[in-house]
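Visitor: My file is my_file.tsv. It has TSV, C-alpha atoms:
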chain	number	residue	atom	x	y	z
A	1	MET	CA	44.57	24.40	-41.58
A	2	GLY	CA	44.47	26.85	-38.69
A	3	ARG	CA	42.24	24.59	-36.61
A	4	TRP	CA	44.49	21.62	-37.36
A	5	ALA	CA	47.51	23.59	-36.14
A	6	LEU	CA	45.68	24.55	-32.93
A	7	ASP	CA	44.67	20.95	-32.28
A	8	LEU	CA	48.22	19.77	-32.90
A	9	ALA	CA	49.60	22.43	-30.55
A	10	PHE	CA	47.09	21.42	-27.86
A	11	ILE	CA	47.99	17.74	-28.21
A	12	TRP	CA	51.71	18.56	-28.05
A	13	LYS	CA	51.23	20.66	-24.91
A	14	ALA	CA	49.16	17.90	-23.30
A	15	VAL	CA	51.79	15.25	-24.12
A	16	LEU	CA	54.57	17.53	-22.83
A	17	THR	CA	52.70	18.21	-19.59
A	18	LEU	CA	52.00	14.50	-19.10
A	19	GLY	CA	55.64	13.67	-19.72
A	20	LEU	CA	56.84	16.26	-17.21
A	21	VAL	CA	54.33	15.05	-14.60
A	22	LEU	CA	55.49	11.45	-15.08
A	23	LEU	CA	59.12	12.56	-14.78
A	24	TYR	CA	58.26	14.37	-11.54
A	25	TYR	CA	56.43	11.26	-10.26
A	26	CYS	CA	59.42	9.03	-11.05
A	27	PHE	CA	61.81	11.16	-9.02
A	28	SER	CA	59.42	12.06	-6.19
A	29	ILE	CA	57.93	8.60	-5.59
A	30	GLY	CA	61.25	6.97	-6.44
A	31	ILE	CA	63.24	8.81	-3.79
A	32	THR	CA	60.60	8.07	-1.13
A	33	PHE	CA	60.76	4.32	-1.72
A	34	TYR	CA	64.53	4.48	-2.23
A	35	ASN	CA	65.04	6.11	1.18
A	36	LYS	CA	62.83	3.54	2.88
A	37	TRP	CA	64.60	0.67	1.11
A	38	LEU	CA	68.10	1.95	1.91
A	39	THR	CA	67.43	2.65	5.60
A	40	LYS	CA	66.40	-0.99	6.08
A	41	SER	CA	70.02	-2.05	5.59
A	42	PHE	CA	71.94	1.22	6.07
A	43	HIS	CA	70.97	2.69	9.43
A	44	PHE	CA	72.69	6.06	9.03
A	45	PRO	CA	70.06	8.38	7.51
A	46	LEU	CA	71.86	11.59	8.49
A	47	PHE	CA	75.08	10.49	6.79
A	48	MET	CA	72.97	9.47	3.79
A	49	THR	CA	71.40	12.92	3.71
A	50	MET	CA	74.77	14.67	3.95
A	51	LEU	CA	76.11	12.64	1.02
A	52	HIS	CA	72.99	13.55	-0.97
A	53	LEU	CA	73.67	17.22	-0.24
A	54	ALA	CA	77.21	16.84	-1.54
A	55	VAL	CA	75.94	15.24	-4.76
A	56	ILE	CA	73.32	17.98	-5.24
A	57	PHE	CA	76.01	20.64	-4.75
A	58	LEU	CA	78.23	18.89	-7.31
A	59	PHE	CA	75.49	18.73	-9.94
A	60	SER	CA	74.32	22.29	-9.33
A	61	ALA	CA	77.93	23.53	-9.59
A	62	LEU	CA	78.37	21.64	-12.86
A	63	SER	CA	75.09	23.07	-14.19
A	64	ARG	CA	76.20	26.60	-13.30
A	65	ALA	CA	79.55	26.05	-15.00
A	66	LEU	CA	77.91	24.72	-18.19
A	67	VAL	CA	75.49	27.65	-18.30
A	68	GLN	CA	78.28	30.15	-17.71
A	69	CYS	CA	80.41	28.65	-20.50
A	70	SER	CA	77.47	28.66	-22.91
A	71	SER	CA	76.15	32.13	-22.12
A	72	HIS	CA	79.47	33.82	-21.22
A	73	ARG	CA	77.64	35.46	-18.31
A	74	ALA	CA	78.97	35.29	-14.76
A	75	ARG	CA	76.82	33.44	-12.25
A	76	VAL	CA	75.65	35.14	-9.08
A	77	VAL	CA	77.94	34.70	-6.07
A	78	LEU	CA	76.70	36.16	-2.80
A	79	SER	CA	78.90	38.08	-0.40
A	80	TRP	CA	79.69	36.44	2.93
A	81	THR	CA	77.46	38.95	4.70
A	82	ASP	CA	74.41	38.16	2.59
A	83	TYR	CA	75.27	34.47	2.59
A	84	LEU	CA	75.37	34.12	6.36
A	85	ARG	CA	72.60	36.58	7.23
A	86	ARG	CA	70.02	35.76	4.58
A	87	VAL	CA	70.76	32.25	3.31
A	88	ALA	CA	71.85	30.54	6.53
A	89	PRO	CA	68.39	30.48	8.23
A	90	THR	CA	66.81	28.92	5.14
A	91	ALA	CA	69.65	26.42	4.81
A	92	LEU	CA	69.40	25.35	8.46
A	93	ALA	CA	65.61	24.87	8.25
A	94	THR	CA	65.97	22.92	5.00
A	95	ALA	CA	68.70	20.68	6.44
A	96	LEU	CA	66.59	19.82	9.49
A	97	ASP	CA	63.49	19.20	7.35
A	98	VAL	CA	65.28	16.79	5.00
A	99	GLY	CA	67.38	15.18	7.74
A	100	LEU	CA	64.48	14.46	10.11
A	101	SER	CA	62.35	13.21	7.21
A	102	ASN	CA	64.98	10.66	6.20
A	103	TRP	CA	65.61	9.75	9.84
A	104	SER	CA	61.94	8.89	10.33
A	105	PHE	CA	62.20	6.08	7.74
A	106	LEU	CA	64.01	4.01	10.36
A	107	TYR	CA	60.77	3.76	12.34
A	108	ILE	CA	57.65	4.38	10.24
A	109	THR	CA	56.00	3.10	7.10
A	110	VAL	CA	55.93	4.92	3.77
A	111	SER	CA	52.16	5.44	4.12
A	112	LEU	CA	52.42	7.14	7.53
A	113	TYR	CA	55.37	9.20	6.28
A	114	THR	CA	53.45	10.32	3.18
A	115	MET	CA	50.36	11.28	5.16
A	116	THR	CA	52.25	13.16	7.86
A	117	LYS	CA	54.43	15.03	5.36
A	118	SER	CA	51.24	16.17	3.63
A	119	SER	CA	50.51	18.13	6.81
A	120	ALA	CA	53.42	20.43	5.91
A	121	VAL	CA	50.84	22.46	3.98
A	122	LEU	CA	49.19	23.14	7.33
A	123	PHE	CA	52.38	24.57	8.81
A	124	ILE	CA	53.16	26.54	5.64
A	125	LEU	CA	49.77	28.25	5.95
A	126	ILE	CA	50.34	28.98	9.63
A	127	PHE	CA	53.75	30.53	9.05
A	128	SER	CA	52.46	32.38	5.99
A	129	LEU	CA	49.93	34.02	8.29
A	130	ILE	CA	52.60	34.79	10.89
A	131	PHE	CA	54.90	36.38	8.29
A	132	LYS	CA	51.89	38.09	6.67
A	133	LEU	CA	52.33	36.33	3.34
A	134	GLU	CA	48.67	35.26	3.60
A	135	GLU	CA	45.57	37.01	4.92
A	136	LEU	CA	43.42	35.26	7.53
A	137	ARG	CA	40.19	34.10	5.89
A	138	ALA	CA	37.43	31.67	6.81
A	139	ALA	CA	38.43	29.42	3.92
A	140	LEU	CA	41.97	29.10	5.29
A	141	VAL	CA	40.60	28.12	8.71
A	142	LEU	CA	38.55	25.39	6.99
A	143	VAL	CA	41.65	24.17	5.14
A	144	VAL	CA	43.58	23.96	8.42
A	145	LEU	CA	40.77	22.04	10.15
A	146	LEU	CA	40.41	19.57	7.27
A	147	ILE	CA	44.13	18.80	7.14
A	148	ALA	CA	44.50	18.54	10.93
A	149	GLY	CA	41.38	16.37	11.21
A	150	GLY	CA	42.56	14.11	8.40
A	151	LEU	CA	45.98	13.68	10.04
A	152	PHE	CA	44.33	12.70	13.34
A	153	MET	CA	42.05	10.14	11.64
A	154	PHE	CA	44.94	8.62	9.68
A	155	THR	CA	47.08	8.07	12.76
A	156	TYR	CA	44.23	7.08	15.12
A	157	LYS	CA	44.57	3.41	16.14
A	158	SER	CA	47.02	2.77	13.31
A	159	THR	CA	48.42	-0.76	13.67
A	160	GLN	CA	51.84	0.32	12.34
A	161	PHE	CA	52.07	3.57	14.29
A	162	ASN	CA	55.44	4.44	15.85
A	163	VAL	CA	55.64	7.42	18.21
A	164	GLU	CA	59.34	8.15	17.64
A	165	GLY	CA	59.08	8.05	13.86
A	166	PHE	CA	55.85	10.05	13.85
A	167	ALA	CA	57.45	12.71	16.07
A	168	LEU	CA	60.42	12.95	13.70
A	169	VAL	CA	58.36	13.36	10.53
A	170	LEU	CA	55.88	15.71	12.23
A	171	GLY	CA	58.82	17.81	13.41
A	172	ALA	CA	60.13	17.77	9.84
A	173	SER	CA	56.73	18.97	8.59
A	174	PHE	CA	56.72	21.76	11.17
A	175	ILE	CA	60.23	22.84	10.18
A	176	GLY	CA	59.19	22.44	6.55
A	177	GLY	CA	56.61	25.16	7.09
A	178	ILE	CA	59.39	27.46	8.27
A	179	ARG	CA	61.65	26.25	5.47
A	180	TRP	CA	59.34	27.07	2.57
A	181	THR	CA	58.23	30.36	4.11
A	182	LEU	CA	61.87	31.44	4.45
A	183	THR	CA	62.61	30.12	0.94
A	184	GLN	CA	59.78	32.16	-0.50
A	185	MET	CA	61.03	35.27	1.28
A	186	LEU	CA	64.58	34.53	0.09
A	187	LEU	CA	63.60	34.17	-3.57
A	188	GLN	CA	61.47	37.31	-3.42
A	189	LYS	CA	64.60	39.35	-2.64
A	190	ALA	CA	65.41	40.21	-6.24
A	191	GLU	CA	68.65	41.93	-5.28
A	192	LEU	CA	70.15	38.59	-4.22
A	193	GLY	CA	69.70	37.15	-7.72
A	194	LEU	CA	68.65	33.68	-6.52
A	195	GLN	CA	65.49	33.37	-8.61
A	196	ASN	CA	67.09	30.49	-10.53
A	197	PRO	CA	66.70	27.33	-8.37
A	198	ILE	CA	70.05	26.01	-9.63
A	199	ASP	CA	71.75	29.02	-8.01
A	200	THR	CA	69.62	28.55	-4.91
A	201	MET	CA	70.62	24.88	-4.57
A	202	PHE	CA	74.27	25.78	-5.13
A	203	HIS	CA	74.25	28.31	-2.29
A	204	LEU	CA	72.11	26.26	0.11
A	205	GLN	CA	73.92	22.91	0.07
A	206	PRO	CA	77.20	23.86	1.86
A	207	LEU	CA	75.35	25.51	4.76
A	208	MET	CA	72.88	22.63	4.88
A	209	PHE	CA	75.81	20.20	5.14
A	210	LEU	CA	77.38	22.20	7.96
A	211	GLY	CA	74.02	22.61	9.72
A	212	LEU	CA	73.36	18.87	9.70
A	213	PHE	CA	76.89	17.83	10.67
A	214	PRO	CA	76.54	18.41	14.48
A	215	LEU	CA	73.39	16.26	14.53
A	216	PHE	CA	75.20	13.57	12.56
A	217	ALA	CA	78.26	13.72	14.83
A	218	VAL	CA	76.18	13.25	17.98
A	219	PHE	CA	73.80	10.52	16.83
A	220	GLU	CA	75.70	8.64	14.10
A	221	GLY	CA	79.36	9.63	14.15
A	222	LEU	CA	80.67	6.99	16.55
A	223	HIS	CA	78.52	4.17	15.16
A	224	LEU	CA	79.46	5.01	11.56
A	225	SER	CA	83.18	5.15	12.40
A	226	THR	CA	82.99	1.56	13.67
A	227	SER	CA	80.71	0.29	10.92
A	228	GLU	CA	82.12	-2.32	8.56
A	229	LYS	CA	80.00	-0.88	5.75
A	230	ILE	CA	82.03	2.35	5.48
A	231	PHE	CA	85.16	3.13	7.50
A	232	ARG	CA	86.03	-0.36	8.77
A	233	PHE	CA	85.05	-2.19	5.61
A	234	GLN	CA	86.51	-5.57	4.84
A	235	ASP	CA	84.70	-6.20	1.57
A	236	THR	CA	85.57	-3.65	-1.13
A	237	GLY	CA	82.66	-4.79	-3.25
A	238	LEU	CA	80.22	-4.11	-0.39
A	239	LEU	CA	81.72	-0.64	0.15
A	240	LEU	CA	81.34	0.23	-3.53
A	241	ARG	CA	77.72	-1.00	-3.56
A	242	VAL	CA	76.88	1.11	-0.50
A	243	LEU	CA	78.55	4.22	-1.94
A	244	GLY	CA	76.86	3.62	-5.29
A	245	SER	CA	73.47	3.35	-3.59
A	246	LEU	CA	74.10	6.56	-1.67
A	247	PHE	CA	75.22	8.35	-4.84
A	248	LEU	CA	72.06	7.19	-6.62
A	249	GLY	CA	69.99	8.83	-3.89
A	250	GLY	CA	71.80	12.10	-4.50
A	251	ILE	CA	70.97	11.89	-8.21
A	252	LEU	CA	67.31	11.25	-7.37
A	253	ALA	CA	67.29	14.23	-4.97
A	254	PHE	CA	68.75	16.55	-7.59
A	255	GLY	CA	66.41	15.15	-10.24
A	256	LEU	CA	63.40	15.77	-7.99
A	257	GLY	CA	64.25	19.44	-7.53
A	258	PHE	CA	64.98	19.91	-11.22
A	259	SER	CA	61.86	18.02	-12.39
A	260	GLU	CA	59.71	20.24	-10.15
A	261	PHE	CA	61.42	23.24	-11.71
A	262	LEU	CA	60.81	21.94	-15.23
A	263	LEU	CA	57.15	21.22	-14.53
A	264	VAL	CA	56.49	24.65	-13.05
A	265	SER	CA	58.43	26.59	-15.68
A	266	ARG	CA	56.85	24.81	-18.66
A	267	THR	CA	53.29	24.65	-17.26
A	268	SER	CA	52.34	26.35	-13.98
A	269	SER	CA	52.66	25.86	-10.24
A	270	LEU	CA	48.96	24.95	-10.20
A	271	THR	CA	49.85	21.92	-12.32
A	272	LEU	CA	52.51	20.96	-9.76
A	273	SER	CA	50.00	21.36	-6.91
A	274	ILE	CA	47.42	19.12	-8.59
A	275	ALA	CA	50.08	16.60	-9.60
A	276	GLY	CA	51.28	16.55	-6.00
A	277	ILE	CA	47.81	15.60	-4.75
A	278	PHE	CA	47.56	12.62	-7.10
A	279	LYS	CA	51.16	11.69	-6.30
A	280	GLU	CA	50.19	11.18	-2.64
A	281	VAL	CA	47.43	8.78	-3.70
A	282	CYS	CA	49.83	6.85	-5.95
A	283	THR	CA	52.40	6.63	-3.14
A	284	LEU	CA	49.89	5.21	-0.67
A	285	LEU	CA	48.56	2.67	-3.17
A	286	LEU	CA	52.10	1.55	-4.02
A	287	ALA	CA	53.03	1.36	-0.32
A	288	ALA	CA	50.01	-0.84	0.40
A	289	HIS	CA	50.64	-3.07	-2.63
A	290	LEU	CA	54.45	-3.34	-2.67
A	291	LEU	CA	55.40	-2.94	1.00
A	292	GLY	CA	52.29	-4.37	2.65
A	293	ASP	CA	51.51	-1.20	4.63
A	294	GLN	CA	48.30	-1.75	6.60
A	295	ILE	CA	45.80	1.04	5.98
A	296	SER	CA	42.35	0.78	7.58
A	297	LEU	CA	39.12	2.31	6.30
A	298	LEU	CA	39.38	5.05	8.96
A	299	ASN	CA	42.92	5.79	7.81
A	300	TRP	CA	41.75	6.10	4.19
A	301	LEU	CA	38.94	8.43	5.26
A	302	GLY	CA	41.47	10.56	7.15
A	303	PHE	CA	43.72	10.67	4.11
A	304	ALA	CA	40.75	11.69	1.94
A	305	LEU	CA	39.86	14.44	4.43
A	306	CYS	CA	43.43	15.74	4.38
A	307	LEU	CA	43.54	15.72	0.58
A	308	SER	CA	40.22	17.57	0.47
A	309	GLY	CA	41.80	20.33	2.56
A	310	ILE	CA	44.82	20.50	0.25
A	311	SER	CA	42.55	20.44	-2.83
A	312	LEU	CA	40.42	23.24	-1.38
A	313	HIS	CA	43.50	25.38	-0.88
A	314	VAL	CA	44.68	24.70	-4.44
A	315	ALA	CA	41.20	25.55	-5.78
A	316	LEU	CA	41.11	28.80	-3.81
A	317	LYS	CA	44.51	29.75	-5.18
A	318	ALA	CA	43.34	28.98	-8.71
A	319	LEU	CA	40.25	31.18	-8.27
A	320	ARG	CA	42.37	34.03	-6.90
A	321	SER	CA	44.78	33.66	-9.78
A	322	ARG	CA	41.94	33.72	-12.32
A	323	GLY	CA	40.50	36.80	-10.65
A	324	ASP	CA	43.87	38.50	-11.05
A	325	GLY	CA	43.92	37.83	-14.78
A	326	GLY	CA	44.52	34.12	-15.12
A	327	PRO	CA	47.39	31.84	-14.20
A	328	LYS	CA	50.87	32.85	-15.22
A	329	PRO	CA	54.20	31.09	-14.99
A	330	LEU	CA	56.25	31.27	-11.85
A	331	LYS	CA	58.03	34.51	-11.17
A	332	GLY	CA	61.59	34.76	-12.34
A	333	LEU	CA	61.87	31.35	-13.92
A	334	GLY	CA	61.90	31.97	-17.62
A	335	SER	CA	63.09	35.36	-18.81
A	336	ASN	CA	66.78	34.83	-18.00
A	337	PRO	CA	68.94	34.02	-21.05
A	338	ASP	CA	70.98	31.44	-19.13
A	339	LEU	CA	67.82	29.67	-18.03
A	340	GLU	CA	66.64	29.37	-21.61
A	341	LEU	CA	69.77	27.33	-22.33
A	342	LEU	CA	68.66	24.80	-19.70
A	343	LEU	CA	64.92	24.79	-20.30
A	344	GLN	CA	64.46	26.55	-23.67
A	345	SER	CA	61.56	28.31	-22.00
A	346	SER	CA	59.89	31.41	-23.39
A	347	GLN	CA	59.47	34.86	-21.85
A	348	GLN	CA	57.38	34.75	-18.67
A	349	GLU	CA	55.67	37.37	-16.51
A	350	ASP	CA	55.61	38.00	-12.74
A	351	GLN	CA	52.83	36.58	-10.60
A	352	ASP	CA	53.01	36.44	-6.79
A	353	ASN	CA	50.00	34.15	-6.36
A	354	GLU	CA	51.65	31.49	-8.53
A	355	GLU	CA	54.76	31.85	-6.42
A	356	GLU	CA	52.78	31.08	-3.26
A	357	GLU	CA	51.17	28.03	-4.90
A	358	TYR	CA	54.61	26.74	-5.84
A	359	PHE	CA	55.82	26.76	-2.26
A	360	VAL	CA	52.61	25.14	-1.01
A	361	ALA	CA	53.20	22.40	-3.59
A	362	GLN	CA	56.75	21.96	-2.31
A	363	GLY	CA	55.41	21.37	1.17
A	364	GLN	CA	53.74	18.21	-0.06
A	365	GLN	CA	57.13	16.64	-0.86
With the file now loaded, output its structure as structure tokens.
Guide:
Amino acid sequence: MGRWALDLAFIWKAVLTLGLVLLYYCFSIGITFYNKWLTKSFHFPLFMTMLHLAVIFLFSALSRALVQCSSHRARVVLSWTDYLRRVAPTALATALDVGLSNWSFLYITVSLYTMTKSSAVLFILIFSLIFKLEELRAALVLVVLLIAGGLFMFTYKSTQFNVEGFALVLGASFIGGIRWTLTQMLLQKAELGLQNPIDTMFHLQPLMFLGLFPLFAVFEGLHLSTSEKIFRFQDTGLLLRVLGSLFLGGILAFGLGFSEFLLVSRTSSLTLSIAGIFKEVCTLLLAAHLLGDQISLLNWLGFALCLSGISLHVALKALRSRGDGGPKPLKGLGSNPDLELLLQSSQQEDQDNEEEEYFVAQGQQ
């Protein structure tokens, strides 16, 4: 009877993990192809991003309100001093990362976007070394060389290569390294009380919106104001379809962040890292099959080299975690009573190595 119960518990955990991974894949791969599809007909990616930010803020505010009503505990609200001094840099970096990433879809294929965004791990490692969140080791140098070499091979003599789009997404990856380093430092400040990602999203979105607005005003403001799809519309049905499509993207963006959170809190950040590696493969295969992206043998070899670097880093993190007593859930994601109402997760312990793996996994998005 005891063995039967253990087998049943193992099967249930495996099914739950698989379900959460598939949910994460649906949102992550879905929003990538959605953004590419929408920018083919709606050439205002910065406006699209700003509307997504508004939707994410709306859903995070609603989630906070529901949790507060259920738990009768006040949600954290930062002072203006902490908000502007500590949250603003992270919000600005995040806004530029997301904005430039979406902007690049005007020029490049999904496959080149996916490969180049994978290089964000490279920049995360570099900035982790600069901010002394990581120690310089020979293995990290090897990881950097593998990822950089793979990126070069993937873009070398690519028939669908576009310099402007590549520069945008590479800039987004570079800023993404700063973004996730600052995010990690922000969440490690326990006194701020932003360990719950719902609270983090709630506080980040307004500053992200304001940070992206000047870029939108300069590059898209005039064109959007004269566009018949939004402000000078003549067909109400077309306007509603465009707004509905934009709103759907915001739902996907919020779902992506929350599905990552669910996966990490119910399994581990190592699971998210491994799932992220296979997600890149799935994205490239779908891009080649559905969109006709042209990927040469050299490009595939470069992608494999890049993934080997990412896999090596994940494996090194797993070994370090096991040496410290085995993998544990992400810090600060499960012991809060209000969080249990959202996730029904059990008590969890602190583990800094898992926290680092989580942010490396985020860099693959």
Visitor: May I have the residues within 12 Å of Ser296 (chain A) as a VMD selection string, using all atoms listed in the file and disregarding those fewer than 2 positions away in the same chain?
Guide: chain A and resid 111 to 112 153 to 160 288 293 to 294 298 to 303
Visitor: Which residue gives the smallest distance to Ala95 (chain A) among A:Leu222, A:Ala172, A:Leu136, A:Met185, with all atoms listed in the file counted?
Guide: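 Looking at the shortest contact to Ala95 (chain A), the residue is A:Ala172.
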Visitor: Of the residues A:Ile31, A:Leu16, A:Val281, A:Leu316, which is the one nearest to Leu140 (chain A), using all atoms listed in the file?
Guide: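 So, comparing all the options, the nearest one is A:Leu316.
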Visitor: Taking into account only C-alpha atoms, which residue in the set A:Ser308, A:Ser245, A:Thr200, A:Thr116 is nearest to Phe57 (chain A)?
Guide: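 Checking each of A:Ser308, A:Ser245, A:Thr200, A:Thr116 against Phe57 (chain A), counting only C-alpha atoms, the winner is A:Thr200.
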Visitor: Using only C-alpha atoms, which of A:Thr267, A:Ile295, A:Leu252, A:Ala304 sits nearest Leu18 (chain A)?
Guide: A:Thr267
Visitor: For each of A:Val314, A:Leu23, A:Gly249, A:Val77, take the minimum atom-to-atom distance to Gly193 (chain A), counting all atoms listed in the file, then give the residue where this is smallest.
Guide: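 Checking each candidate against Gly193 (chain A), we get A:Val77 as the closest.
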Visitor: Here is a test: counting all atoms listed in the file, which residue of A:Gly99, A:Tyr113, A:Ile198, A:Arg75 is nearest to Gly255 (chain A)?
Guide: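 Answer, going by the shortest atom-to-atom distance: A:Ile198.
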Visitor: Please, what distance in Å, to one decimal, runs between CA of Gly250 (chain A) and CA of Ala54 (chain A)?
Guide: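 These two atoms are separated by 7.8 Å.
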Visitor: Please provide as an NGL selection string all residues within 12 Å of region 223-238 of chain A, with the sequence filter that same-chain residues fewer than 2 positions apart are discarded (counting all atoms listed in the file).
Guide: :A and (41-48 or 216-221 or 240-246)
Visitor: CA of Asn102 (chain A) and CA of Leu122 (chain A), how far apart in Å?
Guide: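 About the pair CA of Leu122 (chain A) and CA of Asn102 (chain A): they are 20.2 Å apart.
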Visitor: Would you compute the distance between CA of Thr17 (chain A) and CA of Phe254 (chain A)? Give it in Å to one decimal.
Guide: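 Rounded to one decimal, the two atoms are 20.1 Å apart.
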Visitor: Neighbouring residues of Leu186 (chain A) were defined as those with any atom within 8 Å, considering all atoms listed in the file; residues of the same chain fewer than 2 positions away were excluded. Please report them as JSON, numbers by chain.
Guide: {"A": [86, 87, 90, 182, 183, 184, 188, 189, 194]}
Visitor: Quick one: residues within 9 Å of Ala61 (chain A), only C-alpha atoms counted, chain neighbours fewer than 3 positions away excluded, as a PDB file with C-alpha atoms, keeping the file's coordinate frame?
Guide:
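For reference, around-v5.pdb as written:
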ATOM      1  CA  ILE A  56      73.320  17.980  -5.240  1.00  0.00           C
ATOM      2  CA  PHE A  57      76.010  20.640  -4.750  1.00  0.00           C
ATOM      3  CA  LEU A  58      78.230  18.890  -7.310  1.00  0.00           C
ATOM      4  CA  ARG A  64      76.200  26.600 -13.300  1.00  0.00           C
ATOM      5  CA  ALA A  65      79.550  26.050 -15.000  1.00  0.00           C
ATOM      6  CA  LEU A  66      77.910  24.720 -18.190  1.00  0.00           C
ATOM      7  CA  ILE A 198      70.050  26.010  -9.630  1.00  0.00           C
ATOM      8  CA  ASP A 199      71.750  29.020  -8.010  1.00  0.00           C
ATOM      9  CA  MET A 201      70.620  24.880  -4.570  1.00  0.00           C
ATOM     10  CA  PHE A 202      74.270  25.780  -5.130  1.00  0.00           C
TER      11      PHE A 202
END
